[in-house]
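Notes for the one structure printed next.
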Amino acid sequence: MATLEIKDLHVQIETENGPKEILKGLTLTLSTGETHAIMGPNGSGKSTLAATIAGHPRYEVTSGSITLDGEDVLEMEVDERAQAGLFLAMQYPVEIPGVTMTNFLRTAKTALDGEAPSLRHWTKDVKGAFEALQIDPAFMNRNVNEGFSGGEKKRAEILQLELFKPKFAVLDETDSGLDVDALRIVSEGVNRAQAANEMGTLLITHYTRILNYIKPDHVHVMVDGRVVESGGPELADQLEAEGYARFEQAVAAGA
Amino acid sequence: MTTTDNTTLGAESPLIPGMGEEGEKLTVTQATAAPARRATQGVDSRGSRPVSRELSAFPVLTGREEDWRFTPLKRLQGLHLPDGDEGRLTGAAPSVTVSELEGVRVETVSRDDSRLGTVHTPEDRVSAAAWNSFSEATVVTVSGEVSAPVRIDVVGTGTEAAASHLKVVVEANCRADVVITHKGSAVLAQNVEFELARDAALNVTSIQAWDAGSVHVSSQQASVDTGAHFKHVAVTYGGDLVRLTPTARFADERGEAELYGLYYADAGQHLEQRLFVDHNRPNCVSNVLYKGALQGQDAHTVWVGDVLIRAEAEGTDTYEKNQNLLLTDGARADSVPNLEIETGVIEGAGHASATGRFDETQLFYLMARGIGEDEARKLIVRGFLNEIIQKVGVADVEQELTDVMEAELKIASL
């Protein structure tokens with residue numbers, strides 16, 4: 001079992017008006033095999049958390065720690081974090097002109113494993129993943145994310161999740177912009193990856209809809225850069241019924 | 001009205017991190033309604049440049065001319081006939097070899113053959129020098145089904161200023177892939193004409209793979225008839241100085257022109273491309289994308305994209321873009337898109353230019369998938385260049401060019 005531990009994390013970004021603190025002491029522990037849902041209103045810092053775990057250079061950690069089985073994640077370069085088993089499914093996957101999916105997937109897999117995948121197995125795995133996520137095999141020869149629809153980009157992220165087999169996956173609003181069929185296909189992909197690899201999942205979302213497909217063990221409510229309440233799946237039901245207002249008022253009253 | 005952008009980035013300029021940004025000196029004025037014809041008649045309009053076979057129409061160059069201001073004339077090795085209009089380019093012309101294919105007729109003709117010059121008329125002094133100097137021309141005519149790409153190899157063996165003339169005709173309803181490869185050593189002024197009859201399709205790739213020290217000034221003009229589709233891909237990486245002026249004009253309505261280009265300049269090289277899409281007929285479509293990579297001290301590239309939508313060219317749809325990637329310090333990329341619009345009754349007209357280092361968001365994405373920084377950068381550069389290579393549409397040529405770019409990338413200190 002592996003553990004991803006986030007302790008009292010403070011993160012700021014540079015803005016035109018100087019630095020702005022987004023995460024204000026966030027603490028969260030995630031073990032392999034577990035699914036944690038992080039829910040919160042716009043601007044609560046959910047995507048900042050995701051980007052900080054992956055090591056996006058725009059986000060500056062001012063204090064606190066992220067460790068993976070005791071190893072200091074914040075000391076690692078972006079690629080080293082991925083090699084250590086962290087995967088971020090991005091909210092806005094980036095288009096890379098001129099780099100085909102086939103080339104990209106093989107290059108990344110080679111970098112993650114430290115050796116080229118055996119051609120026979122790899123071709124079969126890739127083909128299987130495309131089929132499972134109902135992505136047109138013609139996309140293998142398309143450039144990474146280029147000209148993909150919003151839904152296709154999200155499917156391509158989950159395709160990578162299945163092929164790269166990370167220890168921990170952070171899904172940053174993977175459900176946004178998906179219709180109900182795509183949501184089901186994408187969710188099944190996440191569930192397969194979890195079952196196959198004992199993956200730990202950090203599911204970041206606005207909406208409870210995806211939780212009908214991916215069952216969380218733990219639900220955390222995030223408001224203003226902190227986790228303000230944690231509970232079981234019943235907390236999601238409560239949010240569905242009541243919204244975030246109660247938590248936001250509590251934070252405002254405390255501030 | 002004239003719409004002009006100016007983006008110049010070089011050794012002394014700060015680098016823009018990321019390719020997604022427009023140049024600093026961006027100024028745009030857009031014609032919103034149909035103005036008078038004044039622009040084509042004014043001195044600044046692209047349409048007002050002299051067009052002639054006579055050398056005297058193009059005075060001896062001073063380097064201050066608008067269309068020569070970026071070109072180091074001293075390095076032209078006499079192709080511009082600096083000593084006056086009596087001079088000629090008398091060096092041995094490069095050999096021209098054309099693959100033998102059914103449906104393709106290849107002829108070597110004398111300079112008075114009536115087919116020469118029907119599409120091409122010189123628009124600058126070097127082109128006029130070439131027109132007045134060549135003795136024999138090659139005419140390639142596609143008149144049937146062609147099963148394979150037509151390979152035209154232009155091989156130079158001399159360093160004396162020479163002239164060459166080539167014409168490619170694609171007859172009505174025919175289509176062909178043509179690959180023109182320039183290699184060896186040469187100091188060459190060249191005119192190339194492409195004639196596309198009704199509903200013809202020509203996919204031509206012009207590769208400038210010259211040996212070091214070569215000089216090549218090439219004016220390549222196309223005439224696109226109704227329903228015809230012209231695709232021109234210019235790939236330049238060899239030679240000391242290469243200056244290409246691809247031009248597309250329409251013989252009738254509903255023609256299409258795609259102009260693509262890739263240039264890779266190493267230390268000291270001057271690679272210049274000035275294209276012109278003359279929307280002189282209604283309802284035609286054009287798309288332009290040129291990409292450049294530069295590395296090394298005094299690597300210099302120039303891209304000037306002139307698109308003119310004349311008053312009669314209603315229903316025009318055009319877009320042009322140039323992107324440059326500076327891989328090292330000391331290199332300089334000039335990028336000037338010029339869009340002139342004389343009628344407001346068009347489908348669309350756009351232009352963009354960007355010069356910079358890497359797209360950091362792309363770098364982050366690749367690294368977040370475990371790919372190391374060096375490899376990610378190379379992948380991005382390769383991808384940047386591949387976007388043009390993928391336009392070639394001839395598998396073995398795409399592979400050749402990919403290998404060439406791999407070799408160039410190895411030189412880069414990424």
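The chains in the structure tokens are called A, B, ... from first to last as shown; in each chain the residues are counted from 1, and the ligands are counted from 1 in the order shown.
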Just the residues within 6 Å of segment 168-182 of chain B, please, counting only C-alpha atoms, with nothing from its chain fewer than 5 positions along; format it as a PyMOL selection string. chain B and resi 139-143+149-155+194-209
Next, dump the selected residues to file, keeping only C-alpha atoms, as a PDB file, in the first residue's frame.
ATOM      1  CA  VAL B 139       8.245  21.414 -69.263  1.00  0.00           C
ATOM      2  CA  VAL B 140       6.477  18.666 -67.327  1.00  0.00           C
ATOM      3  CA  THR B 141       2.902  17.983 -68.408  1.00  0.00           C
ATOM      4  CA  VAL B 142       0.508  15.794 -66.439  1.00  0.00           C
ATOM      5  CA  SER B 143      -2.216  14.604 -68.765  1.00  0.00           C
ATOM      6  CA  PRO B 149       4.817  11.086 -57.262  1.00  0.00           C
ATOM      7  CA  VAL B 150       6.675  12.903 -60.035  1.00  0.00           C
ATOM      8  CA  ARG B 151      10.201  13.482 -58.747  1.00  0.00           C
ATOM      9  CA  ILE B 152      12.071  16.397 -60.252  1.00  0.00           C
ATOM     10  CA  ASP B 153      15.708  16.548 -59.166  1.00  0.00           C
ATOM     11  CA  VAL B 154      17.528  19.808 -59.755  1.00  0.00           C
ATOM     12  CA  VAL B 155      21.214  19.186 -59.147  1.00  0.00           C
ATOM     13  CA  PHE B 194       2.650  25.877 -62.250  1.00  0.00           C
ATOM     14  CA  GLU B 195      -0.357  25.853 -64.508  1.00  0.00           C
ATOM     15  CA  LEU B 196      -3.485  24.184 -63.162  1.00  0.00           C
ATOM     16  CA  ALA B 197      -6.340  23.759 -65.631  1.00  0.00           C
ATOM     17  CA  ARG B 198      -9.993  23.373 -64.628  1.00  0.00           C
ATOM     18  CA  ASP B 199     -10.558  20.944 -61.755  1.00  0.00           C
ATOM     19  CA  ALA B 200      -6.890  19.961 -61.694  1.00  0.00           C
ATOM     20  CA  ALA B 201      -5.066  19.187 -58.455  1.00  0.00           C
ATOM     21  CA  LEU B 202      -1.369  19.711 -57.924  1.00  0.00           C
ATOM     22  CA  ASN B 203       0.401  18.849 -54.705  1.00  0.00           C
ATOM     23  CA  VAL B 204       3.927  20.172 -55.090  1.00  0.00           C
ATOM     24  CA  THR B 205       6.749  20.078 -52.597  1.00  0.00           C
ATOM     25  CA  SER B 206       9.832  22.170 -53.265  1.00  0.00           C
ATOM     26  CA  ILE B 207      12.788  21.084 -51.160  1.00  0.00           C
ATOM     27  CA  GLN B 208      15.862  23.282 -50.900  1.00  0.00           C
ATOM     28  CA  ALA B 209      18.559  20.908 -49.669  1.00  0.00           C
TER      29      ALA B 209
END
Within 10 Å of chain A, which residues of chain B show up? Give each one with its shortest atom-to-atom distance in Å (one decimal) and the two atoms involved, counting only C-alpha atoms, rows by chain then rising residue number, as a Markdown table.
| residue | atom | partner | partner_atom | distance |
| --- | --- | --- | --- | --- |
| B:Asp359 | CA | A:Ile96 | CA | 9.4 |
| B:Glu360 | CA | A:Pro57 | CA | 9.4 |
| B:Thr361 | CA | A:Val94 | CA | 6.9 |
| B:Gln362 | CA | A:Val94 | CA | 6.2 |
| B:Leu363 | CA | A:Ile96 | CA | 9.4 |
| B:Phe364 | CA | A:His56 | CA | 6.9 |
| B:Tyr365 | CA | A:Val94 | CA | 6.5 |
| B:Leu366 | CA | A:Ala108 | CA | 7.7 |
| B:Met367 | CA | A:Asp79 | CA | 4.5 |
| B:Ala368 | CA | A:Asp79 | CA | 5.4 |
| B:Arg369 | CA | A:Ala82 | CA | 5.8 |
| B:Gly370 | CA | A:Asp79 | CA | 4.1 |
| B:Ile371 | CA | A:Ala111 | CA | 5.4 |
| B:Gly372 | CA | A:Asp79 | CA | 5.7 |
| B:Glu373 | CA | A:Asp79 | CA | 7.6 |
| B:Glu375 | CA | A:Thr107 | CA | 9.1 |
| B:Ala376 | CA | A:Thr107 | CA | 9.4 |
| B:Leu379 | CA | A:Val99 | CA | 7.1 |
| B:Ile380 | CA | A:Ile96 | CA | 7.2 |
| B:Val381 | CA | A:Gly98 | CA | 8.9 |
| B:Arg382 | CA | A:Gly98 | CA | 7.1 |
| B:Gly383 | CA | A:Gly98 | CA | 3.7 |
| B:Phe384 | CA | A:Gly98 | CA | 5.7 |
| B:Leu385 | CA | A:Gly98 | CA | 7.0 |
| B:Asn386 | CA | A:Gly98 | CA | 4.8 |
| B:Glu387 | CA | A:Gly98 | CA | 4.6 |
| B:Ile388 | CA | A:Gly98 | CA | 8.2 |
| B:Ile389 | CA | A:Gly98 | CA | 8.8 |
| B:Gln390 | CA | A:Gly98 | CA | 7.8 |
Store the residues of this selection in a file with N, CA and C atoms, as a PDB file, in the first residue's frame.
ATOM      1  N   ASP B 359       6.196  26.512 -26.000  1.00  0.00           N
ATOM      2  CA  ASP B 359       4.923  26.636 -25.323  1.00  0.00           C
ATOM      3  C   ASP B 359       5.041  25.902 -23.993  1.00  0.00           C
ATOM      4  N   GLU B 360       5.071  26.657 -22.911  1.00  0.00           N
ATOM      5  CA  GLU B 360       5.298  26.060 -21.593  1.00  0.00           C
ATOM      6  C   GLU B 360       4.153  25.131 -21.188  1.00  0.00           C
ATOM      7  N   THR B 361       2.947  25.400 -21.679  1.00  0.00           N
ATOM      8  CA  THR B 361       1.841  24.510 -21.296  1.00  0.00           C
ATOM      9  C   THR B 361       2.015  23.138 -21.944  1.00  0.00           C
ATOM     10  N   GLN B 362       2.571  23.139 -23.156  1.00  0.00           N
ATOM     11  CA  GLN B 362       2.847  21.852 -23.808  1.00  0.00           C
ATOM     12  C   GLN B 362       3.942  21.106 -23.052  1.00  0.00           C
ATOM     13  N   LEU B 363       4.948  21.863 -22.631  1.00  0.00           N
ATOM     14  CA  LEU B 363       6.053  21.267 -21.879  1.00  0.00           C
ATOM     15  C   LEU B 363       5.536  20.625 -20.590  1.00  0.00           C
ATOM     16  N   PHE B 364       4.671  21.355 -19.892  1.00  0.00           N
ATOM     17  CA  PHE B 364       4.111  20.835 -18.640  1.00  0.00           C
ATOM     18  C   PHE B 364       3.310  19.565 -18.902  1.00  0.00           C
ATOM     19  N   TYR B 365       2.514  19.592 -19.952  1.00  0.00           N
ATOM     20  CA  TYR B 365       1.671  18.427 -20.242  1.00  0.00           C
ATOM     21  C   TYR B 365       2.526  17.181 -20.466  1.00  0.00           C
ATOM     22  N   LEU B 366       3.561  17.316 -21.275  1.00  0.00           N
ATOM     23  CA  LEU B 366       4.404  16.154 -21.576  1.00  0.00           C
ATOM     24  C   LEU B 366       5.171  15.689 -20.339  1.00  0.00           C
ATOM     25  N   MET B 367       5.680  16.650 -19.577  1.00  0.00           N
ATOM     26  CA  MET B 367       6.437  16.269 -18.375  1.00  0.00           C
ATOM     27  C   MET B 367       5.526  15.625 -17.340  1.00  0.00           C
ATOM     28  N   ALA B 368       4.280  16.078 -17.290  1.00  0.00           N
ATOM     29  CA  ALA B 368       3.329  15.482 -16.345  1.00  0.00           C
ATOM     30  C   ALA B 368       3.009  14.044 -16.725  1.00  0.00           C
ATOM     31  N   ARG B 369       3.430  13.644 -17.917  1.00  0.00           N
ATOM     32  CA  ARG B 369       3.252  12.249 -18.323  1.00  0.00           C
ATOM     33  C   ARG B 369       4.562  11.477 -18.196  1.00  0.00           C
ATOM     34  N   GLY B 370       5.516  12.062 -17.483  1.00  0.00           N
ATOM     35  CA  GLY B 370       6.741  11.340 -17.174  1.00  0.00           C
ATOM     36  C   GLY B 370       7.894  11.599 -18.127  1.00  0.00           C
ATOM     37  N   ILE B 371       7.644  12.378 -19.163  1.00  0.00           N
ATOM     38  CA  ILE B 371       8.681  12.600 -20.174  1.00  0.00           C
ATOM     39  C   ILE B 371       9.647  13.683 -19.674  1.00  0.00           C
ATOM     40  N   GLY B 372      10.942  13.395 -19.714  1.00  0.00           N
ATOM     41  CA  GLY B 372      11.945  14.329 -19.214  1.00  0.00           C
ATOM     42  C   GLY B 372      11.975  15.627 -20.014  1.00  0.00           C
ATOM     43  N   GLU B 373      12.495  16.680 -19.398  1.00  0.00           N
ATOM     44  CA  GLU B 373      12.418  18.000 -20.012  1.00  0.00           C
ATOM     45  C   GLU B 373      13.080  18.042 -21.392  1.00  0.00           C
ATOM     46  N   GLU B 375      13.732  15.672 -23.541  1.00  0.00           N
ATOM     47  CA  GLU B 375      12.996  14.907 -24.536  1.00  0.00           C
ATOM     48  C   GLU B 375      11.672  15.596 -24.882  1.00  0.00           C
ATOM     49  N   ALA B 376      11.038  16.166 -23.868  1.00  0.00           N
ATOM     50  CA  ALA B 376       9.777  16.870 -24.103  1.00  0.00           C
ATOM     51  C   ALA B 376       9.996  18.053 -25.046  1.00  0.00           C
ATOM     52  N   LEU B 379      10.445  16.770 -28.508  1.00  0.00           N
ATOM     53  CA  LEU B 379       9.158  16.306 -29.033  1.00  0.00           C
ATOM     54  C   LEU B 379       8.326  17.501 -29.522  1.00  0.00           C
ATOM     55  N   ILE B 380       8.375  18.575 -28.762  1.00  0.00           N
ATOM     56  CA  ILE B 380       7.598  19.754 -29.138  1.00  0.00           C
ATOM     57  C   ILE B 380       8.159  20.374 -30.420  1.00  0.00           C
ATOM     58  N   VAL B 381       9.479  20.464 -30.508  1.00  0.00           N
ATOM     59  CA  VAL B 381      10.083  21.041 -31.717  1.00  0.00           C
ATOM     60  C   VAL B 381       9.774  20.166 -32.926  1.00  0.00           C
ATOM     61  N   ARG B 382       9.967  18.865 -32.731  1.00  0.00           N
ATOM     62  CA  ARG B 382       9.634  17.928 -33.798  1.00  0.00           C
ATOM     63  C   ARG B 382       8.190  18.083 -34.215  1.00  0.00           C
ATOM     64  N   GLY B 383       7.327  18.159 -33.210  1.00  0.00           N
ATOM     65  CA  GLY B 383       5.902  18.297 -33.498  1.00  0.00           C
ATOM     66  C   GLY B 383       5.614  19.584 -34.237  1.00  0.00           C
ATOM     67  N   PHE B 384       6.277  20.633 -33.805  1.00  0.00           N
ATOM     68  CA  PHE B 384       6.136  21.946 -34.434  1.00  0.00           C
ATOM     69  C   PHE B 384       6.460  21.850 -35.922  1.00  0.00           C
ATOM     70  N   LEU B 385       7.554  21.161 -36.225  1.00  0.00           N
ATOM     71  CA  LEU B 385       7.976  21.042 -37.625  1.00  0.00           C
ATOM     72  C   LEU B 385       7.127  20.007 -38.375  1.00  0.00           C
ATOM     73  N   ASN B 386       6.743  18.954 -37.652  1.00  0.00           N
ATOM     74  CA  ASN B 386       5.963  17.890 -38.291  1.00  0.00           C
ATOM     75  C   ASN B 386       4.650  18.383 -38.857  1.00  0.00           C
ATOM     76  N   GLU B 387       4.110  19.410 -38.248  1.00  0.00           N
ATOM     77  CA  GLU B 387       2.817  19.908 -38.723  1.00  0.00           C
ATOM     78  C   GLU B 387       2.901  20.265 -40.208  1.00  0.00           C
ATOM     79  N   ILE B 388       4.066  20.738 -40.629  1.00  0.00           N
ATOM     80  CA  ILE B 388       4.250  21.037 -42.054  1.00  0.00           C
ATOM     81  C   ILE B 388       4.625  19.778 -42.825  1.00  0.00           C
ATOM     82  N   ILE B 389       5.521  18.976 -42.253  1.00  0.00           N
ATOM     83  CA  ILE B 389       5.934  17.759 -42.967  1.00  0.00           C
ATOM     84  C   ILE B 389       4.713  16.901 -43.288  1.00  0.00           C
ATOM     85  N   GLN B 390       3.771  16.882 -42.360  1.00  0.00           N
ATOM     86  CA  GLN B 390       2.554  16.088 -42.577  1.00  0.00           C
ATOM     87  C   GLN B 390       1.729  16.594 -43.765  1.00  0.00           C
TER      88      GLN B 390
END
Give me the residues near Gln273 of chain B as a list in words, where near means some atom within 6 Å (using only C-alpha atoms) and where sequence neighbours in that chain fewer than 3 positions away do not count.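 The contact residues come out as Arg243, Leu244, Thr245 and Trp303 of chain B.
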Rounded to one decimal place, report the atom CA of Glu60 of chain A-atom CA of Ile13 of chain A distance in Å. 6.1 Å
Could you give me, as a VMD selection string, each residue of segment 41-160 of chain A that DSSP assigns to strand (DSSP E or B) when run on this structure's backbone? chain A and resid 60 to 68 71 to 72 86 to 89 96 to 100 143 to 144
Go ahead and compute the interatomic distance for atom CA of Ser127 of chain B and atom CA of Ser48 of chain B, in Å to one decimal.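 Straight-line distance from atom CA of Ser127 of chain B to atom CA of Ser48 of chain B works out to 17.1 Å.
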I'd like the interatomic distance between atom CA of Gly64 of chain A and atom CA of Glu198 of chain A, to a tenth of an Å.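 Calculated distance between atom CA of Gly64 of chain A and atom CA of Glu198 of chain A is 27.1 Å.
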Residues within 7 Å of Val215 of chain B, only C-alpha atoms, excluding chain neighbours under 4 positions, as number ranges by chain: B: 76, 186-188, 239-242
With C-alpha atoms retained, write the just-selected residues as a PDB file, in the first residue's frame.
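Dumped to part-v9.pdb:
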ATOM      1  CA  LEU B  76      23.611  37.035 -53.845  1.00  0.00           C
ATOM      2  CA  ALA B 186      24.689  26.257 -57.119  1.00  0.00           C
ATOM      3  CA  VAL B 187      24.318  29.973 -57.437  1.00  0.00           C
ATOM      4  CA  LEU B 188      20.949  29.912 -59.087  1.00  0.00           C
ATOM      5  CA  GLY B 239      22.466  26.691 -48.645  1.00  0.00           C
ATOM      6  CA  ASP B 240      23.978  29.978 -47.567  1.00  0.00           C
ATOM      7  CA  LEU B 241      21.134  32.155 -48.838  1.00  0.00           C
ATOM      8  CA  VAL B 242      17.781  30.965 -50.107  1.00  0.00           C
TER       9      VAL B 242
END
Would you list the contacts of Val61 of chain A as a list in words, taking every protein, DNA or RNA residue within 9 Å and counting only C-alpha atoms, but skipping same-chain residues closer than 5 positions in sequence?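 With the cut-off at 9 Å, the set is Leu9, His10, Val11, Gln12, Ile13, Leu23, Thr52 and Leu74 of chain A.
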Residues near Gly128 of chain A, cut-off 12 Å, only C-alpha atoms, skip fewer than 5 positions along chain, as a ChimeraX atom specification: /A:121-123,133-137,159,162-163,189
